[in-house]
$ cat final.cif   # mmCIF, C-alpha atoms and all ligand atoms
data_input
loop_
_atom_site.label_atom_id
_atom_site.label_comp_id
_atom_site.auth_asym_id
_atom_site.auth_seq_id
_atom_site.Cartn_x
_atom_site.Cartn_y
_atom_site.Cartn_z
CA MET A 1 8.48 -26.39 39.59
CA LYS A 2 9.73 -29.76 40.77
CA ARG A 3 11.73 -31.55 38.10
CA THR A 4 12.40 -35.24 37.63
CA ILE A 5 15.53 -36.26 35.74
CA ILE A 6 16.12 -39.76 34.48
CA LYS A 7 19.90 -40.04 34.11
CA ASN A 8 22.38 -42.33 32.37
CA GLY A 9 19.89 -44.64 30.70
CA TYR A 10 19.96 -45.95 27.14
CA LEU A 11 16.96 -44.36 25.43
CA ILE A 12 14.98 -46.22 22.77
CA ASP A 13 12.20 -44.01 21.43
CA PRO A 14 11.05 -45.08 17.94
CA GLY A 15 8.43 -42.31 17.95
CA SER A 16 11.07 -39.57 17.88
CA GLY A 17 13.79 -41.69 16.26
CA ARG A 18 16.08 -40.98 19.23
CA GLU A 19 18.29 -43.80 20.42
CA GLY A 20 21.37 -43.81 22.62
CA LEU A 21 22.57 -42.47 25.95
CA TYR A 22 20.20 -39.61 26.76
CA ASP A 23 18.87 -38.03 29.94
CA LEU A 24 15.21 -37.06 30.21
CA MET A 25 13.82 -34.08 32.07
CA ILE A 26 10.20 -34.15 33.24
CA GLU A 27 8.24 -31.18 34.54
CA ALA A 28 4.65 -31.69 35.68
CA ASP A 29 3.21 -34.28 33.27
CA GLN A 30 5.52 -33.56 30.32
CA ILE A 31 8.92 -34.39 28.88
CA THR A 32 10.63 -30.99 28.68
CA LEU A 33 14.19 -31.90 27.72
CA VAL A 34 16.03 -34.81 26.11
CA GLU A 35 19.78 -34.31 26.10
CA LYS A 36 23.07 -36.13 26.47
CA ASP A 37 23.88 -34.81 29.93
CA ILE A 38 21.33 -32.77 31.82
CA ALA A 39 22.72 -30.81 34.79
CA ILE A 40 21.03 -31.46 38.12
CA SER A 41 19.82 -28.66 40.39
CA GLU A 42 18.96 -28.81 44.04
CA GLY A 43 15.51 -30.25 44.65
CA ASP A 44 15.45 -32.33 41.48
CA GLN A 45 14.20 -35.87 41.77
CA VAL A 46 16.90 -37.96 40.09
CA LEU A 47 16.25 -41.49 38.86
CA ASP A 48 19.45 -43.28 37.93
CA ALA A 49 19.01 -45.59 34.94
CA LYS A 50 22.65 -46.58 34.44
CA GLY A 51 22.86 -49.89 32.61
CA LYS A 52 19.10 -49.81 31.96
CA TYR A 53 16.89 -49.05 28.98
CA VAL A 54 14.49 -46.11 28.96
CA VAL A 55 11.46 -46.53 26.69
CA PRO A 56 7.97 -45.03 26.36
CA GLY A 57 5.19 -46.65 28.40
CA PHE A 58 3.44 -49.40 26.46
CA VAL A 59 0.13 -48.74 24.74
CA ASP A 60 -1.72 -52.06 24.85
CA LEU A 61 -4.44 -52.48 22.21
CA GLN A 62 -6.47 -54.93 24.25
CA VAL A 63 -7.12 -55.43 27.93
CA ASN A 64 -10.26 -57.25 29.10
CA PRO A 65 -10.85 -56.21 32.71
CA GLY A 66 -12.45 -59.51 33.80
CA ASN A 67 -11.27 -58.98 37.36
CA THR A 68 -12.44 -55.32 37.39
CA ILE A 69 -10.92 -52.16 35.93
CA GLU A 70 -9.36 -51.10 39.25
CA TYR A 71 -7.61 -54.44 39.77
CA ILE A 72 -5.97 -54.72 36.38
CA SER A 73 -5.06 -51.03 35.96
CA ASP A 74 -3.23 -51.26 39.30
CA ARG A 75 -1.07 -54.11 37.99
CA LEU A 76 -0.44 -53.20 34.35
CA PRO A 77 2.42 -50.71 34.97
CA LEU A 78 4.37 -53.55 36.62
CA TYR A 79 4.57 -55.03 33.12
CA GLY A 80 5.38 -51.75 31.37
CA ILE A 81 1.82 -51.01 30.23
CA THR A 82 0.84 -47.39 30.94
CA THR A 83 -2.09 -47.02 28.51
CA PRO A 84 -4.31 -50.07 28.08
CA LEU A 85 -7.25 -50.06 25.70
CA MET A 86 -9.97 -51.51 27.93
CA MET A 87 -12.80 -53.42 26.33
CA PRO A 88 -16.05 -54.67 27.85
CA CYS A 89 -16.04 -58.36 28.72
CA ASN A 90 -17.66 -60.53 31.36
CA THR A 91 -16.44 -60.33 34.93
CA TYR A 92 -15.33 -63.65 36.42
CA ASP A 93 -18.83 -63.97 37.94
CA GLY A 94 -20.31 -63.93 34.44
CA VAL A 95 -21.76 -60.41 34.78
CA PRO A 96 -21.17 -58.07 31.80
CA ILE A 97 -18.64 -55.49 33.02
CA ILE A 98 -20.80 -52.53 31.90
CA GLN A 99 -23.54 -53.81 34.17
CA HIS A 100 -21.00 -54.28 37.00
CA TYR A 101 -20.36 -50.51 36.92
CA GLY A 102 -24.04 -49.59 36.57
CA GLY A 103 -24.07 -48.63 32.90
CA LEU A 104 -21.75 -47.41 30.14
CA LYS A 105 -21.43 -43.79 31.26
CA LYS A 106 -20.61 -44.82 34.84
CA MET A 107 -18.07 -47.34 33.61
CA LEU A 108 -16.36 -44.71 31.44
CA ASP A 109 -16.34 -42.14 34.26
CA PHE A 110 -14.76 -44.75 36.49
CA CYS A 111 -11.72 -44.93 34.18
CA GLU A 112 -10.21 -41.71 35.61
CA GLY A 113 -7.60 -41.71 38.41
CA HIS A 114 -6.04 -45.17 38.35
CA ARG A 115 -2.39 -46.21 38.32
CA ALA A 116 -2.43 -46.47 34.51
CA ASN A 117 -4.10 -44.27 31.90
CA ILE A 118 -7.16 -45.89 30.41
CA ALA A 119 -8.28 -45.67 26.81
CA THR A 120 -11.60 -47.34 26.11
CA ALA A 121 -13.06 -49.29 23.23
CA ILE A 122 -16.72 -50.20 23.03
CA SER A 123 -17.83 -52.67 20.44
CA ILE A 124 -20.75 -52.40 18.08
CA GLU A 125 -22.20 -55.81 17.24
CA PRO A 126 -24.69 -57.18 14.70
CA PRO A 127 -28.35 -57.30 15.82
CA ASP A 128 -28.44 -61.11 15.55
CA THR A 129 -25.49 -61.62 17.95
CA ARG A 130 -25.76 -64.66 20.23
CA GLY A 131 -23.70 -66.69 22.68
CA HIS A 132 -22.06 -63.93 24.78
CA GLU A 133 -23.71 -61.89 27.55
CA SER A 134 -21.55 -58.76 27.13
CA TYR A 135 -21.77 -58.62 23.35
CA ILE A 136 -25.54 -59.08 23.23
CA GLN A 137 -25.78 -55.76 25.10
CA LEU A 138 -23.72 -54.04 22.41
CA THR A 139 -25.86 -54.86 19.37
CA VAL A 140 -27.02 -51.99 17.15
CA PRO A 141 -29.41 -52.09 14.18
CA ILE A 142 -27.68 -51.53 10.84
CA ASN A 143 -29.54 -48.25 10.18
CA ALA A 144 -28.46 -46.75 13.52
CA LEU A 145 -24.68 -47.24 13.26
CA GLY A 146 -23.77 -43.61 12.53
CA LYS A 147 -25.88 -42.42 15.44
CA ARG A 148 -24.27 -44.93 17.78
CA ILE A 149 -20.76 -43.85 16.77
CA GLU A 150 -21.67 -40.20 17.39
CA GLU A 151 -22.96 -41.20 20.79
CA LEU A 152 -19.73 -43.08 21.61
CA ILE A 153 -17.64 -40.08 20.53
CA ASP A 154 -19.76 -37.81 22.74
CA LEU A 155 -19.11 -40.18 25.64
CA GLY A 156 -15.37 -39.93 24.94
CA VAL A 157 -14.84 -43.54 23.86
CA THR A 158 -11.48 -43.95 22.09
CA ALA A 159 -12.27 -46.69 19.56
CA ILE A 160 -14.80 -49.27 18.38
CA GLY A 161 -13.82 -52.76 19.35
CA GLU A 162 -13.20 -55.46 19.42
CA ILE A 163 -15.91 -56.09 16.88
CA VAL A 164 -16.28 -59.86 16.99
CA LEU A 165 -17.45 -61.20 13.64
CA PRO A 166 -17.23 -64.89 12.68
CA LEU A 167 -16.97 -64.16 8.92
CA GLY A 168 -16.94 -67.89 8.17
CA GLY A 169 -14.82 -68.98 11.15
CA ILE A 170 -15.58 -69.88 14.78
CA ALA A 171 -15.78 -66.92 17.15
CA HIS A 172 -16.98 -66.58 20.73
CA ILE A 173 -20.15 -64.97 19.46
CA GLY A 174 -22.42 -66.05 16.62
CA SER A 175 -23.94 -63.90 13.84
CA ASP A 176 -25.16 -64.76 10.36
CA MET A 177 -24.81 -61.28 8.96
CA SER A 178 -21.20 -60.38 9.72
CA GLU A 179 -20.19 -59.32 6.20
CA ALA A 180 -23.10 -56.95 5.52
CA PHE A 181 -22.70 -55.57 9.03
CA LEU A 182 -18.97 -54.99 8.73
CA ASP A 183 -19.47 -53.19 5.43
CA ALA A 184 -22.07 -50.83 6.93
CA LEU A 185 -20.01 -50.29 10.07
CA LEU A 186 -16.81 -49.43 8.20
CA ILE A 187 -18.62 -46.78 6.15
CA GLU A 188 -19.60 -44.99 9.35
CA ALA A 189 -16.37 -45.64 11.28
CA ASN A 190 -14.34 -44.21 8.40
CA ARG A 191 -16.70 -41.22 8.09
CA PHE A 192 -16.09 -40.34 11.78
CA GLU A 193 -12.39 -41.38 11.67
CA MET A 194 -13.08 -43.72 14.57
CA PRO A 195 -10.61 -46.62 14.83
CA ALA A 196 -12.43 -49.93 14.23
CA LEU A 197 -10.75 -53.02 15.69
CA VAL A 198 -12.05 -56.27 14.24
CA HIS A 199 -11.68 -59.80 15.65
CA THR A 200 -12.42 -62.41 12.98
CA GLY A 201 -13.36 -66.05 13.52
CA LEU A 202 -10.72 -68.72 13.83
CA GLY A 203 -8.75 -69.41 10.63
CA PHE A 204 -7.53 -67.65 7.50
CA GLU A 205 -11.00 -67.43 5.92
CA GLY A 206 -12.27 -64.80 8.35
CA ILE A 207 -9.22 -62.63 7.72
CA ARG A 208 -9.63 -63.01 3.95
CA ARG A 209 -13.30 -62.01 4.09
CA ALA A 210 -12.67 -59.04 6.39
CA VAL A 211 -9.97 -57.73 4.04
CA GLU A 212 -12.32 -58.17 1.08
CA VAL A 213 -15.20 -56.36 2.80
CA ALA A 214 -12.90 -53.51 3.88
CA GLY A 215 -12.00 -52.79 0.26
CA GLY A 216 -9.66 -49.81 0.58
CA ARG A 217 -11.14 -48.55 3.85
CA ASP A 218 -9.27 -48.25 7.14
CA MET A 219 -9.64 -51.17 9.52
CA HIS A 220 -7.61 -52.78 12.28
CA LEU A 221 -7.39 -56.58 12.52
CA CYS A 222 -6.79 -57.93 16.01
CA HIS A 223 -4.19 -60.62 16.77
CA VAL A 224 -3.78 -62.21 13.33
CA GLY A 225 -1.19 -64.72 14.57
CA SER A 226 -3.57 -66.30 17.05
CA THR A 227 -6.58 -66.08 14.74
CA CYS A 228 -4.62 -67.89 12.04
CA SER A 229 -3.24 -70.60 14.30
CA GLN A 230 -4.93 -73.42 12.34
CA ASP A 231 -3.88 -72.10 8.93
CA SER A 232 -0.83 -70.56 7.32
CA ILE A 233 0.14 -67.27 8.89
CA HIS A 234 2.37 -66.64 5.88
CA LYS A 235 -0.70 -66.61 3.64
CA ALA A 236 -2.32 -64.03 5.93
CA LEU A 237 0.76 -61.81 5.98
CA ALA A 238 1.09 -62.01 2.18
CA LEU A 239 -2.55 -60.95 1.84
CA LEU A 240 -2.07 -58.03 4.23
CA GLU A 241 1.03 -56.97 2.31
CA ASP A 242 -1.29 -55.95 -0.55
CA HIS A 243 -3.64 -54.00 1.75
CA PRO A 244 -1.82 -51.11 3.43
CA ASN A 245 -5.18 -49.65 4.57
CA ILE A 246 -5.33 -52.39 7.18
CA THR A 247 -3.30 -52.31 10.38
CA THR A 248 -2.84 -55.36 12.56
CA ASP A 249 -1.36 -56.65 15.79
CA THR A 250 -0.28 -59.87 17.44
CA HIS A 251 -0.22 -61.44 20.86
CA LEU A 252 3.19 -62.50 22.14
CA SER A 253 1.95 -65.47 24.07
CA GLU A 254 1.86 -69.25 24.24
CA VAL A 255 -1.73 -69.26 25.50
CA ALA A 256 -5.08 -68.11 24.24
CA GLY A 257 -7.91 -67.71 26.71
CA SER A 258 -11.35 -66.51 27.68
CA THR A 259 -13.23 -65.17 30.68
CA SER A 260 -16.36 -67.07 29.62
CA ARG A 261 -16.94 -70.72 30.49
CA ASN A 262 -19.60 -70.81 27.74
CA SER A 263 -17.15 -69.88 24.97
CA GLU A 264 -17.26 -72.50 22.20
CA LEU A 265 -13.47 -72.66 22.13
CA VAL A 266 -13.21 -73.11 25.90
CA VAL A 267 -15.75 -75.96 25.85
CA ASP A 268 -13.96 -77.55 22.89
CA TYR A 269 -10.50 -77.46 24.50
CA PHE A 270 -11.93 -78.54 27.84
CA LYS A 271 -13.31 -81.73 26.25
CA ARG A 272 -9.80 -82.51 25.04
CA GLY A 273 -8.42 -81.92 28.54
CA GLU A 274 -6.46 -78.90 27.31
CA VAL A 275 -8.03 -76.07 29.29
CA VAL A 276 -5.79 -74.92 32.15
CA LYS A 277 -5.88 -72.53 35.06
CA ILE A 278 -2.63 -70.59 35.56
CA HIS A 279 -1.29 -69.39 38.90
CA PRO A 280 -0.59 -65.65 38.47
CA GLU A 281 2.75 -65.70 40.31
CA SER A 282 4.29 -69.14 39.88
CA PHE A 283 2.78 -69.77 36.40
CA GLN A 284 2.00 -73.33 37.57
CA VAL A 285 -0.81 -74.83 35.53
CA GLU A 286 -3.62 -77.02 36.69
CA VAL A 287 -6.38 -78.77 34.73
CA PRO A 288 -9.82 -77.92 36.17
CA GLU A 289 -12.05 -80.93 36.78
CA ASP A 290 -15.34 -79.18 36.24
CA LEU A 291 -15.85 -76.23 33.93
CA THR A 292 -19.14 -75.19 35.54
CA THR A 293 -17.57 -74.61 38.97
CA ALA A 294 -14.04 -73.48 38.05
CA MET A 295 -13.44 -69.72 38.13
CA PRO A 296 -12.44 -67.97 34.86
CA PRO A 297 -10.19 -67.07 33.12
CA PHE A 298 -9.46 -70.24 31.17
CA TYR A 299 -6.37 -70.75 29.05
CA TYR A 300 -5.47 -73.12 26.22
CA ASN A 301 -2.72 -73.48 23.67
CA LYS A 302 -3.95 -73.40 20.08
CA ARG A 303 -1.94 -75.17 17.40
CA ASN A 304 0.99 -73.03 16.18
CA LEU A 305 -0.01 -70.25 18.54
CA LEU A 306 3.41 -69.36 19.89
CA GLU A 307 5.10 -69.95 16.53
CA ASN A 308 2.67 -67.61 14.76
CA ASN A 309 2.93 -64.98 17.47
CA ILE A 310 6.71 -64.91 17.15
CA ILE A 311 6.55 -64.72 13.35
CA CYS A 312 4.13 -61.79 13.66
CA ALA A 313 6.16 -60.04 16.35
CA LEU A 314 9.17 -60.13 14.00
CA SER A 315 7.27 -59.33 10.80
CA ASP A 316 7.37 -55.77 9.44
CA ARG A 317 3.78 -56.24 8.28
CA VAL A 318 2.42 -56.44 11.83
CA GLU A 319 2.29 -52.98 13.42
CA ALA A 320 1.57 -53.74 17.07
CA ILE A 321 1.88 -56.21 19.94
CA GLU A 322 -1.01 -56.50 22.43
CA SER A 323 -1.46 -58.54 25.60
CA ASP A 324 -5.19 -59.34 25.26
CA GLU A 325 -5.00 -59.47 29.05
CA LEU A 326 -7.96 -61.24 30.68
CA GLY A 327 -7.88 -59.31 33.93
CA ASP A 328 -5.62 -61.38 36.19
CA GLY A 329 -2.29 -60.01 34.94
CA ILE A 330 -1.11 -63.30 33.46
CA ARG A 331 -1.06 -62.45 29.77
CA ALA A 332 0.52 -59.04 30.37
CA GLN A 333 3.29 -60.81 32.31
CA ILE A 334 3.66 -63.40 29.56
CA MET A 335 3.93 -60.66 26.93
CA LEU A 336 6.71 -58.95 28.89
CA LYS A 337 8.54 -62.20 29.65
CA ASN A 338 8.46 -63.25 26.01
CA PHE A 339 9.60 -59.78 24.94
CA PHE A 340 12.68 -60.09 27.19
CA ARG A 341 13.40 -63.68 26.18
CA LEU A 342 13.12 -62.89 22.48
CA VAL A 343 15.48 -59.92 22.78
CA ASN A 344 17.90 -61.87 24.98
CA SER A 345 17.94 -64.81 22.56
CA VAL A 346 20.10 -62.67 20.26
CA ALA A 347 23.83 -63.22 20.79
CA LEU A 348 25.28 -60.00 19.42
CA GLU A 349 24.73 -56.82 21.40
CA HIS A 350 24.13 -54.41 18.51
CA VAL A 351 21.59 -56.74 16.86
CA LYS A 352 19.88 -57.19 20.20
CA ILE A 353 19.27 -53.44 20.44
CA LYS A 354 17.94 -53.35 16.88
CA LEU A 355 15.45 -56.09 17.68
CA MET A 356 14.49 -54.37 20.91
CA SER A 357 13.85 -51.13 19.06
CA LYS A 358 11.65 -52.92 16.55
CA LEU A 359 9.54 -54.54 19.28
CA ILE A 360 9.35 -51.32 21.34
CA ARG A 361 7.94 -49.53 18.28
CA LYS A 362 5.13 -52.13 18.18
CA LEU A 363 4.44 -51.61 21.89
CA THR A 364 4.43 -47.81 21.89
CA VAL A 365 4.17 -45.38 18.97
CA ASN A 366 2.49 -47.76 16.53
CA PRO A 367 -0.49 -48.69 18.72
CA ALA A 368 -0.80 -45.00 19.75
CA LYS A 369 -1.05 -44.06 16.04
CA ILE A 370 -3.63 -46.79 15.45
CA LEU A 371 -5.72 -45.33 18.30
CA GLN A 372 -4.96 -41.73 17.19
CA ILE A 373 -3.90 -40.78 20.72
CA SER A 374 -0.95 -38.62 21.76
CA ARG A 375 0.96 -41.23 23.77
CA GLY A 376 3.74 -43.70 23.02
CA THR A 377 6.74 -41.39 22.53
CA LEU A 378 9.26 -39.57 24.72
CA ASN A 379 9.64 -36.58 22.44
CA ILE A 380 9.78 -33.10 23.96
CA GLY A 381 6.25 -31.98 24.85
CA ALA A 382 4.94 -35.54 25.11
CA PHE A 383 3.18 -36.90 28.19
CA ALA A 384 5.76 -38.44 30.49
CA ASP A 385 4.73 -42.10 30.43
CA VAL A 386 8.13 -43.74 30.86
CA VAL A 387 9.42 -47.25 31.50
CA VAL A 388 12.93 -48.05 32.75
CA MET A 389 13.76 -51.70 32.17
CA ASP A 390 16.56 -54.03 33.13
CA LEU A 391 17.33 -56.39 30.26
CA GLU A 392 19.61 -58.64 32.30
CA LYS A 393 17.18 -59.17 35.16
CA GLU A 394 14.31 -59.22 32.66
CA ARG A 395 12.18 -56.86 34.64
CA VAL A 396 10.56 -53.46 34.67
CA GLU A 397 12.30 -51.27 37.28
CA THR A 398 10.64 -47.89 37.23
CA VAL A 399 7.49 -46.57 35.60
CA LEU A 400 6.12 -43.05 35.35
CA VAL A 401 2.60 -42.16 34.30
CA ASN A 402 1.95 -38.50 33.48
CA GLY A 403 5.25 -37.61 35.15
CA GLU A 404 4.56 -39.42 38.45
CA VAL A 405 6.41 -42.51 39.65
CA VAL A 406 3.95 -45.42 39.88
CA VAL A 407 6.52 -48.23 40.03
CA ARG A 408 9.84 -47.81 41.84
CA GLU A 409 12.43 -50.60 41.89
CA GLY A 410 9.80 -53.07 40.75
CA LEU A 411 7.28 -52.10 43.44
CA ARG A 412 4.10 -50.08 43.13
CA THR A 413 3.82 -46.66 44.77
CA GLU A 414 0.62 -45.06 46.05
CA ALA A 415 0.30 -42.65 43.12
CA ARG A 416 -2.70 -42.88 40.82
CA PRO A 417 -2.04 -40.27 38.14
CA GLY A 418 -3.69 -42.21 35.30
CA ARG A 419 -6.13 -40.36 33.06
CA ARG A 420 -8.92 -41.44 30.88
CA ILE A 421 -7.84 -41.11 27.24
CA ARG A 422 -10.66 -39.95 25.01
CA TYR A 423 -11.37 -40.11 21.27
CA LYS A 424 -8.32 -38.56 19.54
CA GLY A 425 -7.06 -37.58 23.00
ZN ZN A 501 -9.94 -60.98 20.12
#

$ encode --input "final.cif" --output "structure tokens" --more "lines below"
Ligand SMILES: [Zn+2]
Amino acid sequence: MKRTIIKNGYLIDPGSGREGLYDLMIEADQITLVEKDIAISEGDQVLDAKGKYVVPGFVDLQVNPGNTIEYISDRLPLYGITTPLMMPCNTYDGVPIIQHYGGLKKMLDFCEGHRANIATAISIEPPDTRGHESYIQLTVPINALGKRIEELIDLGVTAIGEIVLPLGGIAHIGSDMSEAFLDALLIEANRFEMPALVHTGLGFEGIRRAVEVAGGRDMHLCHVGSTCSQDSIHKALALLEDHPNITTDTHLSEVAGSTSRNSELVVDYFKRGEVVKIHPESFQVEVPEDLTTAMPPFYYNKRNLLENNIICALSDRVEAIESDELGDGIRAQIMLKNFFRLVNSVALEHVKIKLMSKLIRKLTVNPAKILQISRGTLNIGAFADVVVMDLEKERVETVLVNGEVVVREGLRTEARPGRRIRYKG
């Protein structure tokens, strides 16, 4: 069997607790050996990682494929992401993505064979949902929640999410029954051990109410730092400290955004002249003149957004970091850039590696645990989703997905070994 050996790199694998100079051996789609100095045989593919860091591929808890699933899954490995959790959103033309692929089953089947693996989350929304084309299609009556979850498990969906519930704050959908609905949904989600990812309305109040409704049940709260940008993030973290049943994540970004020009937040920020379009390569920003003709996605900077995101990225109470990518690759790039800048802002080498290890944990094994999927570690027997990164150049050099090289020296290869990751897969 052909073997691939990644040599001379500095391994950081929080999932196995291994850290230091280790070589990795990969056979087929698995890690088969992790040792200090693995001997090379003729015919081995050797990837030299001298001076570089070797980490597990990132598991990203939210990617909205606004520009199609094929487009964004082709780009994500460039930013270290090997397993995105894809969620239905609107395409840039305003069509719900499920409709774009001709229905839910067809969309899920389409998730096989891309450059990245694809885990999927489908939301379940209250019957009185309004204001968002995609979410209106995902409403379920309160007495049919268990049946719907069974159906999603049968279809191989990985998680429920993101469940957008205003809970007293502003969200991009409206519903007057979010608390009763969340309560009923969590009963069923917990019964089926299906991860439930909840997005609460803007502000601390939504987080407080969600935590109260959850009681002691398992729930995941999406991007608390951004949600709490108008209020005190410290208050939110203190509240979560008392509720270990709840997991959470943060963006690592200076911009929030949406793929919908009808989003209340987009309209609000546009009126203030604060909605921008971002060029995907140069990061140049431009203020659109007319919201009705400009092409999504739209970006804006909420108050305290970056500050809160950094606090959350550093806080031990926040388990994961997600890109909340909108389909053009911008927020995934921003997440990676800010990861490098944060790590490189530390002066002392040994502290730098400690910080890096902490952030890598939030990008790999922690989100994999939240999703209950067997990814996010480079332990022996694990799937070989590997990222080799250059901290000095602040870039991802090499990426493997299921043992195949999909990015080499910063450039994409032709390989498309990505698999669809199913419920508890
Ligand atoms: Zn969200």

$ residues_around --input "final.cif" --residues "A:Ala384" --least-positions-apart "5" --cutoff "7 Å" --atoms "all atoms listed in the file" --output "PDB file with C-alpha atoms, keeping the file's coordinate frame"
ATOM      1  CA  ILE A  26      10.200 -34.150  33.240  1.00  0.00           C
ATOM      2  CA  ASP A  29       3.210 -34.280  33.270  1.00  0.00           C
ATOM      3  CA  GLN A  30       5.520 -33.560  30.320  1.00  0.00           C
ATOM      4  CA  ILE A  31       8.920 -34.390  28.880  1.00  0.00           C
ATOM      5  CA  LEU A 378       9.260 -39.570  24.720  1.00  0.00           C
ATOM      6  CA  LEU A 400       6.120 -43.050  35.350  1.00  0.00           C
ATOM      7  CA  VAL A 401       2.600 -42.160  34.300  1.00  0.00           C
ATOM      8  CA  ASN A 402       1.950 -38.500  33.480  1.00  0.00           C
ATOM      9  CA  GLY A 403       5.250 -37.610  35.150  1.00  0.00           C
TER      10      GLY A 403
END

$ closest_residue --input "final.cif" --among "A:Asp23, A:Ala236, A:Asp242, A:Met86" --to "A:Gly215" --atoms "all atoms listed in the file"
A:Asp242

$ closest_residue --input "final.cif" --among "A:Ser178, A:Thr158, A:Asn64, A:Thr398" --to "ligand ZN 501 (chain A)" --atoms "all atoms listed in the file"
A:Asn64

$ residues_near_ligand --input "final.cif" --ligand "ligand ZN 501 (chain A)" --cutoff "8 Å" --atoms "only C-alpha atoms and all ligand atoms" --output "list in words"
Glu162, Val164, Val198, His199, Thr200, Cys222, His223 and Asp324 of chain A

$ closest_atom_pairs --input "final.cif" --of "stretch 205-235 of chain A" --to "stretch 312-319 of chain A" --cutoff "12 Å" --atoms "all atoms listed in the file" --output "Markdown table"
| residue | atom | partner | partner_atom | distance |
| --- | --- | --- | --- | --- |
| A:His220 | CA | A:Glu319 | CA | 10.0 |
| A:Leu221 | CA | A:Val318 | CA | 9.8 |
| A:Cys222 | CA | A:Val318 | CA | 10.2 |
| A:His223 | CA | A:Cys312 | CA | 9.0 |
| A:Val224 | CA | A:Cys312 | CA | 7.9 |
| A:Gly225 | CA | A:Cys312 | CA | 6.1 |
| A:Ser226 | CA | A:Cys312 | CA | 9.5 |
| A:Thr227 | CA | A:Cys312 | CA | 11.6 |
| A:Cys228 | CA | A:Cys312 | CA | 10.8 |
| A:Ser229 | CA | A:Cys312 | CA | 11.5 |
| A:Ser232 | CA | A:Cys312 | CA | 11.9 |
| A:Ile233 | CA | A:Cys312 | CA | 8.3 |
| A:His234 | CA | A:Cys312 | CA | 9.3 |

$ write_last_selection --input "final.cif" --atoms "C-alpha atoms" --output "tab-separated table (two decimals), keeping the file's coordinate frame"
chain	number	residue	atom	x	y	z
A	220	HIS	CA	-7.61	-52.78	12.28
A	221	LEU	CA	-7.39	-56.58	12.52
A	222	CYS	CA	-6.79	-57.93	16.01
A	223	HIS	CA	-4.19	-60.62	16.77
A	224	VAL	CA	-3.78	-62.21	13.33
A	225	GLY	CA	-1.19	-64.72	14.57
A	226	SER	CA	-3.57	-66.30	17.05
A	227	THR	CA	-6.58	-66.08	14.74
A	228	CYS	CA	-4.62	-67.89	12.04
A	229	SER	CA	-3.24	-70.60	14.30
A	232	SER	CA	-0.83	-70.56	7.32
A	233	ILE	CA	0.14	-67.27	8.89
A	234	HIS	CA	2.37	-66.64	5.88

$ atom_distance --input "final.cif" --atom1 "atom CA of A:Ile170" --atom2 "atom CA of A:Asn304"
16.9 Å

$ residues_around --input "final.cif" --residues "stretch 190-194 of chain A" --least-positions-apart "3" --cutoff "7 Å" --atoms "all atoms listed in the file" --output "list of chain:residue names"
A:Ala159, A:Ile160, A:Leu186, A:Ile187, A:Asp218

$ write_last_selection --input "final.cif" --atoms "C-alpha atoms" --output "short mmCIF file (atom, residue, chain, number, x, y, z; two decimals), in the coordinates of the input"
data_model
loop_
_atom_site.label_atom_id
_atom_site.label_comp_id
_atom_site.auth_asym_id
_atom_site.auth_seq_id
_atom_site.Cartn_x
_atom_site.Cartn_y
_atom_site.Cartn_z
CA ALA A 159 -12.27 -46.69 19.56
CA ILE A 160 -14.80 -49.27 18.38
CA LEU A 186 -16.81 -49.43 8.20
CA ILE A 187 -18.62 -46.78 6.15
CA ASP A 218 -9.27 -48.25 7.14
#

$ axis_aligned_box --input "final.cif" --around "stretch 341-345 of chain A" --padding-each-side "4 Å" --output "lines of an AutoDock Vina configuration file"
center_x = 15.5
center_y = -62.4
center_z = 24.3
size_x = 12.8
size_y = 12.9
size_z = 11.7

$ residues_near_point --input "final.cif" --point "(7.8, -45.8, 18.3)" --cutoff "10 Å" --atoms "all atoms listed in the file" --output "list in words"
Ile12, Asp13, Pro14, Gly15, Ser16, Gly17, Arg18, Val55, Pro56, Phe58, Ser357, Lys358, Leu359, Ile360, Arg361, Lys362, Leu363, Thr364, Val365, Asn366, Pro367, Ala368, Lys369, Arg375, Gly376, Thr377 and Leu378 of chain A

$ residues_around --input "final.cif" --residues "A:Tyr79" --least-positions-apart "2" --cutoff "8 Å" --atoms "only C-alpha atoms" --output "list in words"
Arg75, Leu76, Pro77, Ile81, Ala332, Gln333, Leu336, Arg395 and Val396 of chain A

$ closest_residue --input "final.cif" --among "A:Phe339, A:Phe204, A:Phe270, A:Tyr300" --to "A:Leu252" --atoms "only C-alpha atoms"
A:Phe339

$ atom_distance --input "final.cif" --atom1 "atom CA of A:Pro417" --atom2 "atom CA of A:Ala49"
21.9 Å

$ closest_residue --input "final.cif" --among "A:Gly174, A:Ala119, A:Pro96, A:Ile278" --to "A:Gln137" --atoms "all atoms listed in the file"
A:Pro96
